[in-house]
Amino acid sequence: MKSVFTTALFILIYAHASAQSGDANAILKKIRESKEDTNRVLAYIEYGNLLENQNIDSAGKYYLKAEALSQKLDYNIGKFKFRSNYTYILNLQGKFEQGLKLNKESLKIATDMKHQVNIGKSLANIATSYVYMGNFTEAIKYYQRSADQFEKLGMKEFLPRLYISIGSAFEHANLFNKSLVYKQKALQLARPMEDSLQLADILTNLGGNYFNLKRYKEGLAVYTEGLAVAQKIKSDIFIVQAYGGLCRVNRGLKKLDIAREYGEKGLALARKTGNVFLEMECLRALMFVAEDYNDTALSAKYTREALKIAEANEMTDHLVELYEDYATDLARENNYKGAYDYLMKYNLMNDAIQGLDVQKQLQELDTKYLTAQKEKQIVTLEKEKQTRNTLIYSLIGGFIAFIIIAVLIYRNIAIRKRIAEQEVLQLQQEKQLVATNSILKGQEEERTRVARDLHDGLGGLLSGIKLTLNSVKGNVILPEESAMTFTRAITQLDGAISEMRRVAHSMMPETLVRFGLIEALSDFCEGISASGQLKVTMQDFGFEERLDSSIEIVLYRVVQELLNNVLKYAEATEAQVQLTRIGSNVSLTVEDNGKGFDVKSLETSKGAGFRNVQARVDYLNGKLDIQSKPEEGTSVLVEIEV
């Protein structure tokens, strides 16, 4: 069961959150003494910022006053500031549709004003609304657009919170490792900025990621640091988040008394501040602690309270988890009809939000974004290179023209030499690849020939012998002992025929030739699962048409080799095979939950398993990526173009 603290709150929201309590009187004086003009609008917004961490209802009233006066004055900046700040109040109250509507209005206002910074902020706030509503695909699209906007403006101070928000969106879709990459990147950028509020946000978010990956000790460290930062700046929101996170990681570390203490502290503070999101998160954290104490009644009580909040505020993503939890509670109370109903709700909503299609969309979206980022970096480097070369040539001038010519000649010779060396290396590699391809092709042809000879030749001969012996058995009367020996010989002949067919099928499966890769791999995986040694599941997408037979054979051998390695070395209980085809791109993933290994050890390994896999992938001009750590399982990704 995952735990995601939804705190993708953009930096605009915190513009005045660090104001000191001593400023309150000065701001109120400014409100009283100012005319009904734009200064009063800005004072209303400023005072609302000050009240956010104390009383969100009071903060909301001042934001509404700012909006009313902005409409009267037709003051676009005031209209924008109202929407950007008031959506924060709406999100905390669970009114996400209203928040999304206001955020889209703020984007239009910023676009009409051609205010590039506010456009970036509006894009991020729209993404935040989609996160709260459980639409993570749209959320990531808007976060990435916002990140592009601020990178274009050179405003890197906004990027840490955007990366933490993108990470949170991936985390909601159970893509925890991808989420961790963005959150660690956010923390790396944030530390030198000396923004305590932002740092508290990122630390508590990162702690949740470590918890979902069951890296409890790392989670404990960042939550503890996050709590210290939040307490120093007296930010109730992040104090509650840290309490809730410390409750979860201490539970993961089996320190239930400490976990319960933090959970109760977080729940009390969340209710005091009126933050329904954090109240629900603390209730769920305490629910699991009560369950570990075997106090099922208390666990069910916390579940009902959290479910009531989630349903009242349409918290789609959290409802998925709570429906499953509540189904378990009803089953314990022998209310099986109710348990079944809530389990059906869970299945329907989970498929819609966290299904493989959604994860695939998010993966593709992230790949496109990272590709675009790399292309931008290349363009930037090219521009820098051109500028640098122009400056150098301008400074050198005509006086050192001879030196320039000499340098150019030297560079030309060096480049030619380097090109020649590269051509030699490329020819050697091509020669080696041709040799490898010939070996692999010869192996498959020899496998096919031997399999056919075994099946058609030796198989037919053995079957003929069996028929002859059965015929003799019916026409000859043998002594009892001889008859038993005769029967045993026929039984052994049956075993020899079965073993011959098994060997022939292993060398070249008939299913692969007749029905294609997907059917053959399905049979192979089912065969392994049926043996009881390893449970293998297989998923495929986009294989309405068959691949070229040579490609199918190589991919089949790769899966065969990888699963044999899992059976021999991984000590795994489960493995998963995934095949995906999008246009001309084919990807193959084989994952297991075994003991894993240090990938660097492959460089010195004498085993032929992964070398055979690499050779076959090279044969297809593909890419091979192996991810593994001790005690964390292994994931192998193969990507090719067909």
# chains A, B, ... in the order shown; residues from 1 in each chain; ligands from 1
>>> residues_around(residues="Val636 in chain A", least_positions_apart="4", cutoff="8 Å", atoms="only C-alpha atoms", output="CSV table (one decimal) with N, CA, C and O atoms, in the first residue's frame")
chain,number,residue,atom,x,y,z
A,589,THR,N,11.1,-6.4,-21.3
A,589,THR,CA,11.6,-6.2,-19.9
A,589,THR,C,11.4,-7.6,-19.2
A,589,THR,O,10.3,-8.2,-19.3
A,590,VAL,N,12.4,-8.0,-18.5
A,590,VAL,CA,12.3,-9.2,-17.6
A,590,VAL,C,12.8,-8.8,-16.2
A,590,VAL,O,13.9,-8.4,-16.0
A,591,GLU,N,11.8,-8.9,-15.2
A,591,GLU,CA,12.1,-8.5,-13.9
A,591,GLU,C,11.9,-9.7,-12.9
A,591,GLU,O,11.0,-10.5,-13.2
A,624,LEU,N,20.9,-2.9,-24.4
A,624,LEU,CA,20.6,-3.7,-23.3
A,624,LEU,C,20.9,-2.9,-22.0
A,624,LEU,O,22.0,-2.3,-21.9
A,625,ASP,N,20.0,-2.9,-21.1
A,625,ASP,CA,20.2,-2.2,-19.8
A,625,ASP,C,19.8,-3.1,-18.6
A,625,ASP,O,18.7,-3.6,-18.6
A,626,ILE,N,20.8,-3.3,-17.7
A,626,ILE,CA,20.6,-4.2,-16.6
A,626,ILE,C,20.7,-3.4,-15.3
A,626,ILE,O,21.6,-2.7,-15.0
A,627,GLN,N,19.6,-3.4,-14.5
A,627,GLN,CA,19.5,-2.7,-13.3
A,627,GLN,C,19.3,-3.8,-12.1
A,627,GLN,O,18.4,-4.6,-12.2
>>> residues_around(residues="Gly274 in chain A", least_positions_apart="5", cutoff="9 Å", atoms="only C-alpha atoms", output="number ranges by chain")
A: 55-57, 92-93, 269, 279
>>> closest_residue(among="A:Asp236, A:Lys178, A:Ala242, A:Val566", to="Asn205 in chain A", atoms="only C-alpha atoms")
A:Ala242
>>> closest_residue(among="A:Glu218, A:Tyr182, A:Asp201, A:Leu175", to="Gln144 in chain A", atoms="only C-alpha atoms")
A:Tyr182
>>> atom_distance(atom1="CA of Glu324 in chain A", atom2="CA of Glu281 in chain A")
15.4 Å
>>> residues_around(residues="range 288-293 of chain A", least_positions_apart="5", cutoff="7 Å", atoms="only C-alpha atoms", output="number ranges by chain")
A: 251, 256, 260, 298-299
>>> write_last_selection(atoms="all heavy atoms", output="tab-separated table (two decimals), in the first residue's frame")
chain	number	residue	atom	x	y	z
A	251	ARG	N	6.84	2.78	12.00
A	251	ARG	CA	6.06	1.54	11.90
A	251	ARG	C	6.80	0.53	11.02
A	251	ARG	O	6.86	-0.66	11.33
A	251	ARG	CB	4.69	1.84	11.31
A	251	ARG	CG	3.90	0.59	10.97
A	251	ARG	CD	2.52	0.91	10.41
A	251	ARG	NE	1.92	-0.30	9.93
A	251	ARG	CZ	1.94	-0.72	8.66
A	251	ARG	NH1	2.52	0.03	7.74
A	251	ARG	NH2	1.37	-1.85	8.29
A	256	LEU	N	6.53	0.60	17.10
A	256	LEU	CA	5.11	0.97	17.07
A	256	LEU	C	4.76	2.07	18.07
A	256	LEU	O	3.92	2.94	17.78
A	256	LEU	CB	4.24	-0.26	17.31
A	256	LEU	CG	4.35	-1.37	16.26
A	256	LEU	CD1	3.41	-2.51	16.57
A	256	LEU	CD2	4.07	-0.82	14.87
A	260	ARG	N	3.05	5.52	16.90
A	260	ARG	CA	1.74	6.00	17.36
A	260	ARG	C	1.85	7.40	17.94
A	260	ARG	O	0.97	8.25	17.70
A	260	ARG	CB	1.18	5.03	18.42
A	260	ARG	CG	-0.20	5.46	18.94
A	260	ARG	CD	-0.82	4.38	19.78
A	260	ARG	NE	0.01	4.05	20.93
A	260	ARG	CZ	-0.23	3.05	21.76
A	260	ARG	NH1	-1.27	2.26	21.56
A	260	ARG	NH2	0.58	2.80	22.78
A	298	LEU	N	-10.12	-0.21	16.53
A	298	LEU	CA	-9.56	1.13	16.39
A	298	LEU	C	-9.11	1.38	14.95
A	298	LEU	O	-9.31	2.47	14.40
A	298	LEU	CB	-8.36	1.29	17.34
A	298	LEU	CG	-7.68	2.67	17.33
A	298	LEU	CD1	-8.68	3.77	17.70
A	298	LEU	CD2	-6.48	2.68	18.30
A	299	SER	N	-8.54	0.35	14.32
A	299	SER	CA	-8.12	0.48	12.93
A	299	SER	C	-9.32	0.80	12.03
A	299	SER	O	-9.25	1.68	11.17
A	299	SER	CB	-7.45	-0.82	12.46
A	299	SER	OG	-7.13	-0.74	11.10
>>> closest_residue(among="A:Phe515, A:Tyr569, A:Tyr243, A:Tyr163", to="Glu545 in chain A", atoms="only C-alpha atoms")
A:Phe515
>>> closest_residue(among="A:Asn49, A:Asn313, A:Asn174, A:Asn250", to="Asn91 in chain A", atoms="only C-alpha atoms")
A:Asn313
>>> select_by_dssp(residues="range 494-596 of chain A", states="strand (DSSP E or B)", output="list in words")
Lys535, Val536, Thr537, Met538, Gln539, Asp540, Phe541, Glu574, Ala575, Gln576, Val577, Gln578, Leu579, Thr580, Arg581, Ile582, Asn585, Val586, Ser587, Leu588, Thr589, Val590, Glu591 and Asp592 of chain A
>>> select_by_dssp(residues="range 1-221 of chain A", states="helix (DSSP H, G or I)", output="JSON, numbers by chain")
{"A": [11, 12, 13, 14, 23, 24, 25, 26, 27, 28, 29, 30, 31, 32, 33, 38, 39, 40, 41, 42, 43, 44, 45, 46, 47, 48, 49, 50, 51, 56, 57, 58, 59, 60, 61, 62, 63, 64, 65, 66, 67, 68, 69, 70, 71, 72, 73, 76, 77, 78, 79, 80, 81, 82, 83, 84, 85, 86, 87, 88, 89, 90, 91, 92, 96, 97, 98, 99, 100, 101, 102, 103, 104, 105, 106, 107, 108, 109, 110, 111, 112, 113, 116, 117, 118, 119, 120, 121, 122, 123, 124, 125, 126, 127, 128, 129, 130, 131, 132, 136, 137, 138, 139, 140, 141, 142, 143, 144, 145, 146, 147, 148, 149, 150, 151, 152, 153, 156, 157, 158, 159, 160, 161, 162, 163, 164, 165, 166, 167, 168, 169, 170, 171, 172, 176, 177, 178, 179, 180, 181, 182, 183, 184, 185, 186, 187, 188, 189, 190, 191, 192, 193, 196, 197, 198, 199, 200, 201, 202, 203, 204, 205, 206, 207, 208, 209, 210, 211, 212, 216, 217, 218, 219, 220, 221]}
>>> atom_distance(atom1="CA of Val222 in chain A", atom2="CA of Gly207 in chain A")
5.6 Å
>>> closest_residue(among="A:Leu521, A:Leu278, A:Leu267, A:Leu220", to="Leu588 in chain A", atoms="only C-alpha atoms")
A:Leu521
>>> residues_around(residues="range 336-350 of chain A", least_positions_apart="5", cutoff="9 Å", atoms="only C-alpha atoms", output="list in words")
Thr316, Asp317, Leu319, Val320, Glu321, Leu322, Tyr323, Glu324, Asp325, Tyr326, Ala327, Thr328, Asp329, Leu330, Ala331 and Gly355 of chain A
>>> write_last_selection(atoms="C-alpha atoms", output="CSV table (one decimal), in the first residue's frame")
chain,number,residue,atom,x,y,z
A,316,THR,CA,-9.9,10.2,-6.0
A,317,ASP,CA,-6.4,8.8,-5.5
A,319,LEU,CA,-10.3,6.7,-2.2
A,320,VAL,CA,-8.6,3.9,-4.1
A,321,GLU,CA,-6.6,2.9,-1.1
A,322,LEU,CA,-9.4,3.6,1.4
A,323,TYR,CA,-11.9,1.4,-0.5
A,324,GLU,CA,-9.5,-1.5,-0.2
A,325,ASP,CA,-8.8,-0.8,3.5
A,326,TYR,CA,-12.5,-0.5,4.3
A,327,ALA,CA,-13.3,-3.7,2.4
A,328,THR,CA,-10.8,-5.5,4.7
A,329,ASP,CA,-12.4,-4.0,7.8
A,330,LEU,CA,-16.0,-5.1,6.7
A,331,ALA,CA,-14.7,-8.6,6.0
A,355,GLY,CA,-3.5,0.8,-14.4
